[in-house]
$ cat protein-v7.cif   # mmCIF, C-alpha atoms
data_upload
loop_
_atom_site.label_atom_id
_atom_site.label_comp_id
_atom_site.auth_asym_id
_atom_site.auth_seq_id
_atom_site.Cartn_x
_atom_site.Cartn_y
_atom_site.Cartn_z
CA MET N 1 -106.45 140.45 -224.24
CA LEU N 2 -103.77 141.39 -221.78
CA ALA N 3 -105.71 139.75 -218.99
CA ARG N 4 -105.80 136.50 -220.88
CA LEU N 5 -102.06 136.62 -221.41
CA PHE N 6 -101.26 137.19 -217.77
CA HIS N 7 -103.82 134.68 -216.43
CA ARG N 8 -103.00 131.86 -218.79
CA SER N 9 -102.80 128.57 -217.02
CA HIS N 10 -99.40 126.96 -216.92
CA PRO N 11 -98.94 123.21 -216.91
CA ARG N 12 -98.17 121.74 -213.43
CA LEU N 13 -95.13 119.66 -212.98
CA THR N 14 -95.77 116.45 -211.03
CA LEU N 15 -92.75 115.28 -209.07
CA PRO N 16 -92.49 111.55 -208.30
CA ARG N 17 -93.23 110.83 -204.68
CA ARG N 18 -90.56 109.09 -202.77
CA SER N 19 -92.12 106.39 -200.63
CA SER N 20 -91.09 106.37 -196.99
CA PRO N 21 -89.80 103.18 -195.32
CA SER N 22 -92.95 102.88 -193.20
CA HIS N 23 -95.16 103.20 -196.28
CA GLN N 24 -93.11 100.53 -198.02
CA LEU N 25 -93.52 98.16 -195.04
CA ARG N 26 -97.29 98.67 -194.96
CA ARG N 27 -97.51 97.97 -198.67
CA ASN N 28 -95.43 94.81 -198.35
CA ALA N 29 -97.53 93.61 -195.42
CA SER N 30 -100.71 94.26 -197.39
CA THR N 31 -99.35 92.30 -200.33
CA TRP N 32 -98.32 89.35 -198.08
CA ARG N 33 -101.71 89.32 -196.37
CA THR N 34 -103.49 89.32 -199.72
CA ARG N 35 -101.40 86.44 -201.03
CA PHE N 36 -101.15 84.14 -198.04
CA ILE N 37 -104.09 84.89 -195.72
CA PRO N 38 -107.54 83.94 -197.03
CA SER N 39 -110.22 86.53 -196.94
CA ILE N 40 -113.05 86.56 -194.46
CA LYS N 41 -115.46 85.33 -197.11
CA THR N 42 -113.48 82.14 -197.72
CA LEU N 43 -113.35 81.35 -193.97
CA ARG N 44 -117.15 81.16 -193.82
CA ILE N 45 -117.48 82.35 -190.26
CA PRO N 46 -121.06 81.72 -189.13
CA SER N 47 -122.92 84.80 -188.14
CA LEU N 48 -125.11 85.22 -185.11
CA ARG N 49 -128.15 85.43 -187.33
CA ALA N 50 -127.79 81.73 -188.14
CA ILE N 51 -128.11 80.79 -184.43
CA HIS N 52 -131.73 80.20 -183.56
CA VAL N 53 -132.66 81.06 -180.00
CA SER N 54 -136.08 79.89 -178.94
CA SER N 55 -138.17 82.50 -177.29
CA ILE N 56 -140.40 82.16 -174.28
CA ARG N 57 -143.39 81.76 -176.59
CA ASP N 58 -141.87 78.57 -178.03
CA LEU N 59 -141.64 76.92 -174.58
CA ARG N 60 -144.39 74.49 -173.73
CA MET N 61 -145.51 73.69 -170.21
CA PRO N 62 -145.65 69.94 -169.50
CA THR N 63 -149.04 68.46 -169.05
CA LEU N 64 -150.28 67.06 -165.77
CA LYS N 65 -150.00 63.53 -167.10
CA GLU N 66 -146.34 64.01 -168.04
CA VAL N 67 -145.53 65.44 -164.61
CA GLN N 68 -147.24 62.54 -162.88
CA GLY N 69 -145.36 60.01 -165.04
CA THR N 70 -141.98 61.57 -164.28
CA ALA N 71 -142.72 61.74 -160.56
CA TYR N 72 -143.82 58.09 -160.59
CA TRP N 73 -140.55 56.86 -162.10
CA ILE N 74 -138.42 59.04 -159.82
CA ALA N 75 -140.23 57.67 -156.75
CA ARG N 76 -139.91 54.09 -157.99
CA ILE N 77 -136.17 54.33 -158.72
CA SER N 78 -135.55 56.09 -155.39
CA LYS N 79 -137.38 53.31 -153.56
CA TYR N 80 -135.18 50.60 -155.08
CA VAL N 81 -132.01 52.59 -154.38
CA ILE N 82 -132.98 53.06 -150.73
CA LEU N 83 -133.89 49.38 -150.37
CA PHE N 84 -130.56 48.38 -151.90
CA PHE N 85 -128.55 50.44 -149.40
CA ILE N 86 -130.65 49.22 -146.48
CA GLY N 87 -130.16 45.60 -147.53
CA TYR N 88 -126.43 46.15 -148.04
CA HIS N 89 -126.09 47.66 -144.58
CA ILE N 90 -128.01 44.79 -142.97
CA PHE N 91 -125.96 42.20 -144.85
CA ILE N 92 -122.53 43.55 -143.86
CA THR N 93 -123.67 44.24 -140.29
CA HIS N 94 -125.27 40.87 -139.50
CA PHE N 95 -123.92 38.42 -142.10
CA PHE N 96 -120.66 38.64 -144.06
CA VAL N 97 -118.07 41.13 -145.29
CA TYR N 98 -115.70 40.43 -148.18
CA GLY N 99 -112.54 42.48 -148.71
CA PRO N 100 -108.80 42.47 -149.36
CA VAL N 101 -105.99 42.39 -146.79
CA TYR N 102 -102.48 43.75 -147.09
CA GLY N 103 -99.42 44.17 -144.90
CA ILE N 104 -96.70 41.97 -143.43
CA SER N 105 -97.97 41.78 -139.85
CA MET N 106 -99.83 38.50 -140.50
CA LEU N 107 -97.13 36.59 -142.39
CA PRO N 108 -97.07 33.66 -143.08
CA THR N 109 -100.82 33.18 -142.63
CA PHE N 110 -101.58 35.92 -145.17
CA ASN N 111 -99.46 37.29 -147.96
CA ASP N 112 -98.42 40.92 -147.88
CA GLU N 113 -100.91 41.62 -150.71
CA GLY N 114 -103.33 39.83 -153.00
CA ASP N 115 -105.31 37.88 -150.38
CA TRP N 116 -109.05 38.36 -149.79
CA VAL N 117 -110.94 37.33 -146.66
CA LEU N 118 -114.54 36.51 -145.84
CA THR N 119 -115.49 37.84 -142.41
CA SER N 120 -118.54 36.69 -140.47
CA SER N 121 -120.33 39.51 -138.66
CA HIS N 122 -121.92 37.01 -136.26
CA TYR N 123 -118.83 37.36 -134.05
CA ARG N 124 -118.97 41.15 -133.81
CA ARG N 125 -118.50 42.69 -130.36
CA GLY N 126 -116.68 39.52 -129.25
CA ARG N 127 -119.62 37.12 -129.48
CA ASP N 128 -118.49 33.45 -129.30
CA LEU N 129 -114.83 34.33 -129.82
CA GLN N 130 -112.10 31.92 -128.78
CA VAL N 131 -108.36 32.10 -128.44
CA GLY N 132 -106.72 31.58 -131.83
CA ASP N 133 -109.47 33.22 -133.91
CA LEU N 134 -108.64 35.81 -136.53
CA VAL N 135 -110.68 38.96 -136.01
CA THR N 136 -111.12 42.28 -137.75
CA PHE N 137 -111.58 45.34 -135.57
CA THR N 138 -111.52 49.10 -135.60
CA HIS N 139 -108.07 50.30 -134.63
CA PRO N 140 -108.27 51.86 -131.14
CA ILE N 141 -105.81 54.63 -132.10
CA LYS N 142 -106.73 55.19 -135.76
CA ALA N 143 -110.50 55.14 -135.80
CA ASP N 144 -110.69 55.18 -139.61
CA THR N 145 -108.57 52.02 -139.97
CA LEU N 146 -109.57 48.36 -139.85
CA SER N 147 -107.01 45.82 -138.62
CA LEU N 148 -106.76 42.05 -138.68
CA LYS N 149 -105.04 40.21 -135.83
CA ARG N 150 -105.19 36.94 -133.92
CA VAL N 151 -106.82 36.62 -130.50
CA LEU N 152 -104.29 35.45 -127.90
CA GLY N 153 -106.29 36.07 -124.75
CA MET N 154 -109.89 36.48 -123.62
CA PRO N 155 -111.17 38.19 -120.45
CA GLY N 156 -109.47 36.71 -117.38
CA ASP N 157 -106.56 35.08 -119.29
CA PHE N 158 -102.93 35.79 -118.51
CA VAL N 159 -100.79 36.73 -121.52
CA LEU N 160 -97.27 37.97 -122.16
CA ARG N 161 -97.24 41.72 -122.12
CA ASP N 162 -94.23 41.97 -124.44
CA THR N 163 -92.76 39.97 -127.30
CA PRO N 164 -91.91 36.38 -126.30
CA GLY N 165 -88.29 36.03 -125.26
CA THR N 166 -87.88 39.60 -123.98
CA SER N 167 -89.20 40.55 -120.52
CA GLY N 168 -91.54 37.67 -119.73
CA VAL N 169 -93.96 39.93 -117.80
CA MET N 170 -97.48 38.49 -117.58
CA GLN N 171 -100.66 40.56 -117.71
CA GLN N 172 -104.28 39.60 -117.09
CA VAL N 173 -106.83 40.58 -119.72
CA PRO N 174 -109.57 42.72 -118.11
CA GLU N 175 -113.27 42.10 -118.54
CA GLY N 176 -114.78 43.27 -121.82
CA HIS N 177 -111.42 43.11 -123.56
CA CYS N 178 -109.26 40.68 -125.52
CA TRP N 179 -105.58 40.48 -126.33
CA VAL N 180 -104.66 40.50 -130.04
CA ALA N 181 -101.32 40.15 -131.81
CA GLY N 182 -100.00 39.58 -135.32
CA ASP N 183 -98.47 36.31 -136.43
CA ASN N 184 -95.36 38.21 -137.54
CA GLN N 185 -94.82 39.79 -134.15
CA GLU N 186 -91.58 41.50 -135.09
CA TRP N 187 -93.49 43.68 -137.57
CA SER N 188 -96.89 43.99 -135.92
CA ARG N 189 -98.57 46.79 -134.01
CA ASP N 190 -101.03 45.12 -131.69
CA SER N 191 -102.00 44.89 -128.02
CA ARG N 192 -98.36 45.12 -127.05
CA MET N 193 -98.55 48.73 -128.22
CA PHE N 194 -102.13 49.87 -127.49
CA GLY N 195 -103.01 47.43 -124.71
CA PRO N 196 -106.08 45.14 -124.41
CA LEU N 197 -108.59 45.60 -127.21
CA PRO N 198 -112.22 46.41 -126.22
CA LEU N 199 -114.57 43.73 -127.51
CA GLY N 200 -116.92 46.45 -128.72
CA LEU N 201 -114.44 47.29 -131.49
CA VAL N 202 -114.47 43.77 -132.95
CA LYS N 203 -116.20 43.70 -136.34
CA GLY N 204 -116.12 40.00 -137.13
CA LYS N 205 -114.20 36.76 -137.45
CA VAL N 206 -112.35 35.58 -140.55
CA VAL N 207 -113.92 32.31 -141.72
CA ALA N 208 -112.25 31.90 -145.13
CA ARG N 209 -109.60 33.46 -147.31
CA LYS N 210 -109.00 33.58 -151.02
CA ALA N 211 -105.40 33.11 -152.09
CA ALA N 212 -103.98 32.31 -155.53
CA GLY N 213 -107.47 32.35 -157.03
CA GLU N 214 -109.05 29.71 -154.77
CA TRP N 215 -110.95 29.73 -151.49
CA LEU N 216 -109.21 28.21 -148.47
CA PHE N 217 -111.33 27.33 -145.46
CA ARG N 218 -108.36 25.76 -143.69
CA GLY N 219 -104.98 27.18 -142.80
CA LEU N 220 -106.36 29.96 -140.61
CA GLY N 221 -105.07 28.49 -137.37
CA GLU N 222 -101.95 29.49 -135.52
CA PRO N 223 -98.94 28.87 -137.81
CA TRP N 224 -96.82 27.58 -134.94
CA ALA N 225 -99.52 25.03 -133.96
CA GLU N 226 -100.30 23.59 -137.43
CA PRO N 227 -98.42 20.53 -138.66
CA GLU N 228 -96.15 20.98 -141.61
CA VAL N 229 -97.30 19.48 -144.91
CA ASP N 230 -94.65 17.85 -147.07
#
$ encode --input "protein-v7.cif" --output "structure tokens"
Amino acid sequence: MLARLFHRSHPRLTLPRRSSPSHQLRRNASTWRTRFIPSIKTLRIPSLRAIHVSSIRDLRMPTLKEVQGTAYWIARISKYVILFFIGYHIFITHFFVYGPVYGISMLPTFNDEGDWVLTSSHYRRGRDLQVGDLVTFTHPIKADTLSLKRVLGMPGDFVLRDTPGTSGVMQQVPEGHCWVAGDNQEWSRDSRMFGPLPLGLVKGKVVARKAAGEWLFRGLGEPWAEPEVD
């Protein structure tokens, strides 16, 4: 009886817990995330199980007939591509080249931009060239640049070494060379700078030009020798 009196259970007093500031912040963040951020289930993120990866067993080796058909078409297309490039090379080497010109060195014969010229490759390497012809050539100093100038002297001719009206020194054009200059000599880099041009660098002769949307087969002569048109 005495043991029961002394060992009687007493009721426990529960004190209210005072939440710390960090606990309060975590609870507020959890509440904000629950209200404003959708759950993972609503996002419907696809799982890797939905991605089907074919195994090696699903791969099928092509048949001999399919391999032969593919090889046939590859060979046929390659043949036409090779023939096209061969024909293009032969055409621009032995027939004609069409391209734009720009710069002020050939004013007033050509505009500074917008003109296109048709060049005949028959006159390459100086074949059948005459004084007054317009030629395209590989620049002797800049090998990756094509230039367009007028021929003022052929092998054996005497030409002015400098700009007319300056020194008046004459020079003879050596064999295998020609003397070229721009029509706008004040703004032209030509034989007065790099000397006589080797005929082997000549690519062709200009036979026509396209200006203002129309082809002009005339008006390619020396501007100081052509009569003025009213």
$ resolve_selection --input "protein-v7.cif" --expression "the PyMOL selection byres ((chain N and resi 132) around 6)" --output "PDB file with C-alpha atoms, in the coordinates of the input"
ATOM      1  CA  VAL N 131    -108.360  32.100-128.440  1.00  0.00           C
ATOM      2  CA  ASP N 133    -109.470  33.220-133.910  1.00  0.00           C
ATOM      3  CA  ARG N 150    -105.190  36.940-133.920  1.00  0.00           C
ATOM      4  CA  VAL N 151    -106.820  36.620-130.500  1.00  0.00           C
TER       5      VAL N 151
END
$ resolve_selection --input "protein-v7.cif" --expression "the PyMOL selection byres ((chain N and resi 98) around 7)" --output "VMD selection string"
chain N and resid 96 to 97 99 117 to 119
$ resolve_selection --input "protein-v7.cif" --expression "the PyMOL selection byres ((chain N and resi 93) around 12)" --output "ChimeraX atom specification"
/N:86-92,94-98,119-125,202-204
$ atom_distance --input "protein-v7.cif" --atom1 "CA of Leu197 (chain N)" --atom2 "CA of Pro140 (chain N)"
7.4 Å
$ closest_residue --input "protein-v7.cif" --among "N:Val81, N:Thr63, N:Ser191, N:Gln68" --to "His177 (chain N)" --atoms "only C-alpha atoms"
N:Ser191
$ atom_distance --input "protein-v7.cif" --atom1 "CA of Pro100 (chain N)" --atom2 "CA of Gly114 (chain N)"
7.1 Å
$ residues_around --input "protein-v7.cif" --residues "Trp179 (chain N)" --least-positions-apart "3" --cutoff "8 Å" --atoms "all atoms listed in the file" --output "mmCIF file with C-alpha atoms, keeping the file's coordinate frame"
data_model
loop_
_atom_site.group_PDB
_atom_site.id
_atom_site.type_symbol
_atom_site.label_atom_id
_atom_site.label_comp_id
_atom_site.auth_asym_id
_atom_site.auth_seq_id
_atom_site.Cartn_x
_atom_site.Cartn_y
_atom_site.Cartn_z
ATOM 1 C CA VAL N 151 -106.820 36.620 -130.500
ATOM 2 C CA LEU N 152 -104.290 35.450 -127.900
ATOM 3 C CA GLY N 153 -106.290 36.070 -124.750
ATOM 4 C CA MET N 154 -109.890 36.480 -123.620
ATOM 5 C CA VAL N 159 -100.790 36.730 -121.520
ATOM 6 C CA VAL N 173 -106.830 40.580 -119.720
ATOM 7 C CA SER N 191 -102.000 44.890 -128.020
ATOM 8 C CA GLY N 195 -103.010 47.430 -124.710
ATOM 9 C CA PRO N 196 -106.080 45.140 -124.410
ATOM 10 C CA LEU N 197 -108.590 45.600 -127.210
#
$ atom_distance --input "protein-v7.cif" --atom1 "CA of Phe137 (chain N)" --atom2 "CA of Phe110 (chain N)"
16.8 Å
$ closest_residue --input "protein-v7.cif" --among "N:Asn184, N:Gln130, N:Ser147, N:Thr70" --to "Val101 (chain N)" --atoms "all atoms listed in the file"
N:Ser147
$ closest_residue --input "protein-v7.cif" --among "N:Leu160, N:Leu201, N:Val180, N:Met106" --to "Asp144 (chain N)" --atoms "only C-alpha atoms"
N:Leu201
$ axis_aligned_box --input "protein-v7.cif" --around "region 82-100 of chain N" --padding-each-side "5 Å" --output "JSON"
{"center_x": -121.3, "center_y": 45.7, "center_z": -145.7, "size_x": 35.1, "size_y": 24.6, "size_z": 22.4}
$ residues_around --input "protein-v7.cif" --residues "Asp190 (chain N)" --least-positions-apart "2" --cutoff "6 Å" --atoms "all atoms listed in the file" --output "ChimeraX atom specification"
/N:181,192-193
